[in-house]
Every structure is written in C-alpha cells, then in structure tokens.
$ cat data.tsv   # TSV, C-alpha atoms
chain	number	residue	atom	x	y	z
A	1	MET	CA	4.63	-1.65	13.42
A	2	LEU	CA	4.32	-4.96	11.52
A	3	GLN	CA	6.04	-8.28	12.17
A	4	ILE	CA	5.51	-11.45	10.13
A	5	GLU	CA	7.04	-14.70	11.36
A	6	GLU	CA	7.43	-17.96	9.40
A	7	LEU	CA	4.20	-17.30	7.51
A	8	LYS	CA	2.77	-19.95	5.19
A	9	VAL	CA	-0.40	-19.26	3.22
A	10	GLU	CA	-2.65	-21.44	1.07
A	11	VAL	CA	-5.19	-20.42	-1.56
A	12	SER	CA	-7.64	-23.12	-2.70
A	13	GLY	CA	-5.41	-25.77	-1.15
A	14	LYS	CA	-2.26	-24.59	-2.92
A	15	THR	CA	0.67	-23.12	-0.99
A	16	ILE	CA	1.23	-19.55	-2.25
A	17	LEU	CA	3.53	-18.06	0.39
A	18	LYS	CA	6.34	-19.98	2.10
A	19	ASN	CA	8.11	-19.09	5.36
A	20	ILE	CA	7.69	-15.32	5.04
A	21	ASN	CA	9.61	-13.27	7.62
A	22	MET	CA	9.23	-9.51	7.49
A	23	GLU	CA	9.51	-6.52	9.81
A	24	ILE	CA	8.37	-2.99	9.03
A	25	PRO	CA	9.32	-0.58	11.84
A	26	LYS	CA	7.27	2.46	12.73
A	27	GLY	CA	7.75	5.28	10.23
A	28	GLU	CA	9.40	3.16	7.51
A	29	THR	CA	8.28	2.59	3.93
A	30	HIS	CA	9.25	-0.75	2.39
A	31	ILE	CA	9.05	-1.67	-1.28
A	32	LEU	CA	8.10	-5.24	-2.20
A	33	PHE	CA	9.37	-6.16	-5.67
A	34	GLY	CA	8.46	-9.25	-7.61
A	35	PRO	CA	7.28	-10.42	-11.04
A	36	ASN	CA	3.61	-10.98	-11.74
A	37	GLY	CA	2.33	-14.11	-9.99
A	38	SER	CA	5.05	-14.15	-7.34
A	39	GLY	CA	2.62	-13.78	-4.41
A	40	LYS	CA	2.90	-10.04	-3.66
A	41	THR	CA	-0.84	-9.33	-3.70
A	42	SER	CA	-1.51	-12.56	-1.80
A	43	LEU	CA	0.76	-11.32	0.99
A	44	MET	CA	-1.05	-7.98	1.10
A	45	MET	CA	-4.46	-9.67	1.17
A	46	THR	CA	-3.28	-11.97	3.98
A	47	ILE	CA	-2.03	-9.03	6.06
A	48	MET	CA	-5.38	-7.32	5.57
A	49	GLY	CA	-7.29	-10.50	6.45
A	50	PHE	CA	-9.24	-11.22	3.28
A	51	SER	CA	-11.06	-14.54	3.07
A	52	GLY	CA	-9.62	-17.21	0.80
A	53	TYR	CA	-6.07	-16.71	2.13
A	54	LYS	CA	-5.56	-19.45	4.70
A	55	VAL	CA	-2.68	-19.08	7.15
A	56	THR	CA	-1.41	-22.61	7.77
A	57	HIS	CA	1.64	-21.64	9.80
A	58	GLY	CA	3.21	-18.58	11.36
A	59	LYS	CA	2.08	-15.33	12.88
A	60	ILE	CA	1.24	-11.71	11.95
A	61	THR	CA	1.68	-9.08	14.65
A	62	PHE	CA	0.53	-5.47	14.23
A	63	LYS	CA	1.44	-2.84	16.84
A	64	GLY	CA	2.24	-5.66	19.28
A	65	GLU	CA	-1.09	-7.46	18.80
A	66	ASP	CA	-1.51	-10.87	17.16
A	67	ILE	CA	-3.84	-10.32	14.18
A	68	THR	CA	-3.19	-13.63	12.39
A	69	HIS	CA	-6.83	-14.71	12.57
A	70	MET	CA	-8.47	-11.36	13.27
A	71	PRO	CA	-11.46	-10.33	11.07
A	72	ILE	CA	-10.75	-7.80	8.35
A	73	ASN	CA	-12.94	-5.05	9.86
A	74	GLU	CA	-11.07	-5.25	13.17
A	75	ARG	CA	-7.74	-4.91	11.38
A	76	ALA	CA	-9.02	-1.79	9.65
A	77	LEU	CA	-10.14	-0.32	12.97
A	78	LEU	CA	-6.71	-1.10	14.45
A	79	GLY	CA	-5.16	1.06	11.73
A	80	ILE	CA	-4.42	-0.92	8.55
A	81	GLY	CA	-5.48	0.58	5.23
A	82	VAL	CA	-5.20	-0.75	1.70
A	83	SER	CA	-5.21	0.60	-1.84
A	84	PHE	CA	-6.09	-2.05	-4.40
A	85	GLN	CA	-4.63	-2.44	-7.85
A	86	ARG	CA	-8.09	-3.01	-9.31
A	87	PRO	CA	-10.79	-1.88	-6.85
A	88	PRO	CA	-14.43	-2.55	-7.75
A	89	THR	CA	-17.05	-0.12	-9.02
A	90	ILE	CA	-19.71	0.47	-6.35
A	91	ASN	CA	-22.94	1.66	-7.90
A	92	GLY	CA	-25.26	3.59	-5.59
A	93	LEU	CA	-22.47	4.79	-3.29
A	94	THR	CA	-20.86	8.15	-4.03
A	95	THR	CA	-17.18	8.88	-3.58
A	96	ARG	CA	-18.11	11.54	-1.03
A	97	ASN	CA	-20.04	8.98	1.02
A	98	ILE	CA	-17.24	6.41	1.06
A	99	VAL	CA	-14.69	9.06	2.04
A	100	GLU	CA	-16.94	10.11	4.93
A	101	LEU	CA	-17.23	6.44	5.98
A	102	CYS	CA	-13.44	6.06	5.87
A	103	ALA	CA	-13.10	9.07	8.18
A	104	ARG	CA	-14.99	7.12	10.90
A	105	ASN	CA	-16.72	10.16	12.43
A	106	ARG	CA	-13.50	12.17	12.63
A	107	SER	CA	-13.69	15.79	11.58
A	108	VAL	CA	-12.51	15.67	7.97
A	109	ASP	CA	-12.90	18.38	5.34
A	110	VAL	CA	-13.76	16.18	2.37
A	111	GLU	CA	-13.83	19.11	-0.04
A	112	GLU	CA	-10.32	20.22	0.97
A	113	LEU	CA	-8.90	16.68	0.70
A	114	ALA	CA	-10.45	16.28	-2.74
A	115	LYS	CA	-9.05	19.64	-3.82
A	116	GLN	CA	-5.51	18.53	-2.89
A	117	LEU	CA	-5.90	15.52	-5.18
A	118	ASN	CA	-7.62	17.50	-7.94
A	119	PHE	CA	-10.64	15.28	-7.37
A	120	SER	CA	-13.44	17.69	-6.47
A	121	ASN	CA	-15.48	16.94	-9.61
A	122	PHE	CA	-15.68	13.24	-8.73
A	123	LEU	CA	-17.09	13.46	-5.20
A	124	ASP	CA	-20.72	13.05	-6.23
A	125	ARG	CA	-20.10	10.27	-8.74
A	126	ASP	CA	-20.49	6.60	-7.85
A	127	VAL	CA	-17.27	5.00	-6.61
A	128	ASN	CA	-14.98	4.23	-9.58
A	129	HIS	CA	-17.85	4.34	-12.10
A	130	ASN	CA	-16.29	5.10	-15.50
A	131	PHE	CA	-13.09	6.31	-13.78
A	132	SER	CA	-9.78	6.12	-15.63
A	133	GLY	CA	-6.83	4.26	-14.10
A	134	GLY	CA	-5.38	7.47	-12.66
A	135	GLU	CA	-8.77	8.60	-11.33
A	136	ILE	CA	-9.25	5.26	-9.57
A	137	LYS	CA	-5.85	5.58	-7.88
A	138	ARG	CA	-6.63	9.13	-6.74
A	139	SER	CA	-9.96	7.91	-5.36
A	140	GLU	CA	-8.15	5.21	-3.40
A	141	MET	CA	-5.69	7.76	-1.99
A	142	LEU	CA	-8.53	10.09	-1.02
A	143	GLN	CA	-10.13	7.28	0.97
A	144	LEU	CA	-6.85	6.40	2.68
A	145	THR	CA	-6.15	10.04	3.54
A	146	ALA	CA	-9.56	10.23	5.22
A	147	GLN	CA	-8.96	6.93	7.05
A	148	GLN	CA	-5.44	7.88	8.25
A	149	PRO	CA	-4.22	4.29	8.85
A	150	ASP	CA	-0.98	3.61	10.72
A	151	LEU	CA	0.05	0.97	8.17
A	152	VAL	CA	-0.63	1.64	4.50
A	153	LEU	CA	-0.65	-1.23	1.97
A	154	LEU	CA	-0.37	-0.05	-1.64
A	155	ASP	CA	-0.78	-2.59	-4.44
A	156	GLU	CA	0.87	-1.47	-7.70
A	157	PRO	CA	0.05	2.23	-7.21
A	158	GLU	CA	1.60	3.17	-10.59
A	159	SER	CA	-0.40	0.59	-12.57
A	160	GLY	CA	-2.51	2.17	-15.31
A	161	VAL	CA	-1.55	5.71	-14.29
A	162	ASP	CA	-0.32	8.34	-16.76
A	163	LEU	CA	2.56	10.72	-16.07
A	164	GLU	CA	0.42	13.62	-14.85
A	165	ASN	CA	-1.55	11.45	-12.44
A	166	ILE	CA	1.48	9.63	-11.07
A	167	VAL	CA	3.03	12.94	-9.99
A	168	VAL	CA	-0.15	13.80	-8.04
A	169	LEU	CA	-0.27	10.26	-6.70
A	170	GLY	CA	3.33	10.40	-5.49
A	171	GLU	CA	2.72	13.70	-3.70
A	172	SER	CA	-0.40	12.31	-2.02
A	173	ILE	CA	1.44	9.16	-0.87
A	174	ASN	CA	4.27	11.26	0.60
A	175	TYR	CA	1.76	13.50	2.35
A	176	LEU	CA	-0.19	10.52	3.73
A	177	LEU	CA	3.01	8.94	5.06
A	178	HIS	CA	4.17	12.25	6.58
A	179	ARG	CA	7.05	12.52	4.15
A	180	GLY	CA	5.16	15.44	2.75
A	181	ILE	CA	5.96	17.32	-0.36
A	182	LYS	CA	2.47	18.74	-0.19
A	183	CYS	CA	1.59	20.11	3.26
A	184	PRO	CA	-1.66	21.48	4.72
A	185	LYS	CA	-1.92	25.23	4.97
A	186	GLY	CA	-0.21	26.54	8.08
A	187	LYS	CA	1.74	23.32	8.68
A	188	PRO	CA	5.50	23.69	8.18
A	189	HIS	CA	7.20	21.29	5.81
A	190	LYS	CA	9.85	20.53	8.45
A	191	GLU	CA	7.26	19.43	10.99
A	192	ILE	CA	5.71	16.98	8.55
A	193	ILE	CA	9.10	15.44	7.75
A	194	GLN	CA	9.99	15.01	11.43
A	195	GLN	CA	6.79	13.14	12.33
A	196	LYS	CA	7.22	10.04	10.09
A	197	ILE	CA	4.94	7.90	12.24
A	198	LYS	CA	3.19	5.93	9.50
A	199	SER	CA	4.53	2.79	7.88
A	200	ALA	CA	3.90	1.42	4.41
A	201	LEU	CA	4.35	-1.65	2.25
A	202	VAL	CA	4.34	-0.71	-1.42
A	203	ILE	CA	3.99	-3.51	-3.96
A	204	THR	CA	5.50	-3.06	-7.42
A	205	HIS	CA	6.96	-5.09	-10.27
A	206	THR	CA	8.08	-2.16	-12.43
A	207	GLY	CA	9.53	0.04	-9.67
A	208	HIS	CA	8.35	3.24	-11.38
A	209	ILE	CA	6.77	4.50	-8.16
A	210	LEU	CA	10.27	4.93	-6.69
A	211	ASP	CA	10.69	8.00	-8.88
A	212	TYR	CA	7.99	9.70	-6.80
A	213	ILE	CA	8.25	8.35	-3.25
A	214	THR	CA	11.03	7.69	-0.72
A	215	ALA	CA	11.66	4.15	0.50
A	216	ASP	CA	13.68	2.91	3.47
A	217	LYS	CA	14.13	-0.67	2.27
A	218	GLY	CA	13.45	-3.01	-0.62
A	219	GLN	CA	12.61	-6.71	-0.59
A	220	VAL	CA	12.09	-9.23	-3.38
A	221	LEU	CA	9.36	-11.89	-3.40
A	222	TYR	CA	9.87	-14.65	-5.95
A	223	ASN	CA	7.77	-17.82	-6.26
A	224	GLY	CA	6.23	-17.17	-2.86
A	225	VAL	CA	9.57	-16.78	-1.07
A	226	LEU	CA	11.21	-13.59	0.25
A	227	CYS	CA	14.63	-13.86	-1.35
A	228	TYR	CA	16.58	-10.88	-0.05
A	229	SER	CA	16.44	-7.35	1.37
A	230	ARG	CA	18.57	-4.38	0.34
A	231	ASN	CA	18.38	-0.73	-0.58
A	232	ALA	CA	15.30	-0.36	-2.79
A	233	ARG	CA	17.04	1.62	-5.53
A	234	GLU	CA	19.91	-0.88	-5.71
A	235	ILE	CA	17.42	-3.71	-6.15
A	236	LEU	CA	15.56	-1.80	-8.85
A	237	LYS	CA	18.82	-1.12	-10.71
A	238	TRP	CA	19.70	-4.82	-10.69
A	239	ILE	CA	16.21	-5.86	-11.81
A	240	ARG	CA	16.25	-3.40	-14.70
A	241	GLU	CA	19.70	-4.54	-15.80
A	242	TYR	CA	19.47	-8.31	-15.30
A	243	GLY	CA	15.81	-9.24	-14.71
A	244	TYR	CA	14.29	-10.97	-11.71
A	245	GLU	CA	15.51	-14.50	-12.33
A	246	GLU	CA	19.15	-13.50	-12.75
A	247	CYS	CA	18.99	-11.24	-9.67
A	248	ILE	CA	17.68	-14.10	-7.55
A	249	ARG	CA	20.39	-16.44	-8.86
A	250	CYS	CA	23.12	-13.89	-8.02
A	251	ALA	CA	21.67	-13.24	-4.57
A	252	LYS	CA	21.78	-16.96	-3.80
$ encode --input "data.tsv" --output "structure tokens"
Amino acid sequence: MLQIEELKVEVSGKTILKNINMEIPKGETHILFGPNGSGKTSLMMTIMGFSGYKVTHGKITFKGEDITHMPINERALLGIGVSFQRPPTINGLTTRNIVELCARNRSVDVEELAKQLNFSNFLDRDVNHNFSGGEIKRSEMLQLTAQQPDLVLLDEPESGVDLENIVVLGESINYLLHRGIKCPKGKPHKEIIQQKIKSALVITHTGHILDYITADKGQVLYNGVLCYSRNAREILKWIREYGYEECIRCAK
C-alpha cells in the first residue's frame, strides 16, 4: 500500500527526517511511536503532501504510484486520508457539509454515520467550533468514514480525549479499518474481519490507543530516524518501563 525509500525531508532549511524506510502492506495497521518533537507529524504531513515539507532525497510510493511530488488534493483522490491532532475551526462550514464533501458524491447516509459516532447533534454546527477534544476527534473520524480512504493517517488520536470518547473512537477506527467491533446493520462481523483491505499509520507517543485498536507492527522514530521495528505491544512495554532514550540505546 505504502512504500517509503531513503526519505530525507527539510522544514525551513533544517533536516527533520533522515533516511526513512518504511513499508505498510495492504490491510496492515502500523503504530509509529516517538517522543514529542521526534518528527512523527512531519512524516505524516510529508506523506500527505503538505507544503513546507521539502523532500530532498528519496521516494514515496502509494499503491504502486510515485507520489513524492504529487499535489495534496491528488493524493486525497488516490485514497489517502488524515486525522489531525489539532484540526482548525472552520467558521461558515457545517460538519454536515464537510462530511458530504468528504463522501465525494458517493451515496452516504450522513445521519446514520453520525449516529454510530454519537455525533448527530453536531452535524449542523460549524466544523470544530467550540468542540471538546473528544468531539473534535469524533468529527475527524466521521469525515474519514465518509471519505473511505485506502490509507488512513491518524495523528495522536487519543490526545485530549476522555475515557468515554476514546472507547467510541477506538470502535470507529476499527470499523473504518475493517477490523470492526461495530458493524453496519445486516453485515456479519466475520465478513468485516475477513476484508481487512485498508491500511493505517497511527502516530502516538503515549501508546494509549493500543488499548482500543489492533496493530500489526510498531516502529520507533527518534530524532528524525526510524530506529527499529517490532511488535507494537512489546515496544510500548519497553517504553513504559525504560523510556524512549534507554530503549533506543538498548536497540542499538
């Protein structure tokens, strides 16, 4: 689904990411660990194609197509979707309208999607206006569910979310990635599990989201370098016990 080769990225003339190599196969969910300031969000923004993140070396391939210098809107149309840690408030645009735009003329029952996320009362409010942290995350997931991207990029999905909201969030992520705890009416749970056609890169520094979603692999980004890859829960255990710096030293 996604292949990154020898990627180097600069922001404002400063090298932020160094020789990044990463593969996310179809149907797999990968967790990207790292302390604050390690370059995790920069990598996500580079994959999505945001301006300000200059690729100076290397290549990004998505579904067999080189997207290294492709405009952000074309990447979205190819099937990449993103949930931001701190998305902006958009005054004058309702949540219902943005969800309809994300659906791209596909037949989507916005009311039913909102109901699954307990978000019906927010549809006619401006996007993220006076939303709590958990409400913002649910809004982001509603948009992604309408978009149905093949590759989902989630930046700190547990950040600012209380216990009640993170349970709903975890269920919605599993459903979006076809690892569904929560299935549409008339659709067998087994069928959802067998599909597993969507891939995801989930960014976290606390690892709390692993209590609510299933991951196939974990990787650690430290000072702009991908240090090692292992089972996500093993990595989280080491980080909690020893901290990032000690884990990197041991891995080396």
$ closest_residue --input "data.tsv" --among "A:Gln147, A:Asn118, A:Asn174, A:Asn223" --to "A:Ile209" --atoms "all atoms listed in the file"
A:Asn174
$ atom_distance --input "data.tsv" --atom1 "atom CA of A:Thr204" --atom2 "atom CA of A:Glu156"
4.9 Å
$ atom_distance --input "data.tsv" --atom1 "atom CA of A:Glu100" --atom2 "atom CA of A:Asn130"
21.0 Å
$ closest_residue --input "data.tsv" --among "A:Val202, A:Leu7, A:Leu154, A:Ile213" --to "A:Arg179" --atoms "only C-alpha atoms"
A:Ile213
$ residues_around --input "data.tsv" --residues "A:Val127" --least-positions-apart "3" --cutoff "9 Å" --atoms "only C-alpha atoms" --output "PyMOL selection string"
chain A and resi 88-96+98+122-124+130-131+136+139
$ write_last_selection --input "data.tsv" --atoms "C-alpha atoms" --output "CSV table (one decimal), in the frame of the given file"
chain,number,residue,atom,x,y,z
A,88,PRO,CA,-14.4,-2.6,-7.8
A,89,THR,CA,-17.0,-0.1,-9.0
A,90,ILE,CA,-19.7,0.5,-6.4
A,91,ASN,CA,-22.9,1.7,-7.9
A,92,GLY,CA,-25.3,3.6,-5.6
A,93,LEU,CA,-22.5,4.8,-3.3
A,94,THR,CA,-20.9,8.2,-4.0
A,95,THR,CA,-17.2,8.9,-3.6
A,96,ARG,CA,-18.1,11.5,-1.0
A,98,ILE,CA,-17.2,6.4,1.1
A,122,PHE,CA,-15.7,13.2,-8.7
A,123,LEU,CA,-17.1,13.5,-5.2
A,124,ASP,CA,-20.7,13.0,-6.2
A,130,ASN,CA,-16.3,5.1,-15.5
A,131,PHE,CA,-13.1,6.3,-13.8
A,136,ILE,CA,-9.2,5.3,-9.6
A,139,SER,CA,-10.0,7.9,-5.4
$ closest_residue --input "data.tsv" --among "A:Glu6, A:Glu171, A:Glu158, A:Asp216" --to "A:Leu117" --atoms "all atoms listed in the file"
A:Glu171
$ residues_near_point --input "data.tsv" --point "(-9.3, -9.6, 5.2)" --cutoff "10 Å" --atoms "all atoms listed in the file" --output "PDB file with C-alpha atoms, in the coordinates of the input"
ATOM      1  CA  MET A  44      -1.050  -7.980   1.100  1.00  0.00           C
ATOM      2  CA  MET A  45      -4.460  -9.670   1.170  1.00  0.00           C
ATOM      3  CA  THR A  46      -3.280 -11.970   3.980  1.00  0.00           C
ATOM      4  CA  ILE A  47      -2.030  -9.030   6.060  1.00  0.00           C
ATOM      5  CA  MET A  48      -5.380  -7.320   5.570  1.00  0.00           C
ATOM      6  CA  GLY A  49      -7.290 -10.500   6.450  1.00  0.00           C
ATOM      7  CA  PHE A  50      -9.240 -11.220   3.280  1.00  0.00           C
ATOM      8  CA  SER A  51     -11.060 -14.540   3.070  1.00  0.00           C
ATOM      9  CA  GLY A  52      -9.620 -17.210   0.800  1.00  0.00           C
ATOM     10  CA  TYR A  53      -6.070 -16.710   2.130  1.00  0.00           C
ATOM     11  CA  HIS A  69      -6.830 -14.710  12.570  1.00  0.00           C
ATOM     12  CA  MET A  70      -8.470 -11.360  13.270  1.00  0.00           C
ATOM     13  CA  PRO A  71     -11.460 -10.330  11.070  1.00  0.00           C
ATOM     14  CA  ILE A  72     -10.750  -7.800   8.350  1.00  0.00           C
ATOM     15  CA  ASN A  73     -12.940  -5.050   9.860  1.00  0.00           C
ATOM     16  CA  GLU A  74     -11.070  -5.250  13.170  1.00  0.00           C
ATOM     17  CA  ARG A  75      -7.740  -4.910  11.380  1.00  0.00           C
ATOM     18  CA  ALA A  76      -9.020  -1.790   9.650  1.00  0.00           C
TER      19      ALA A  76
END
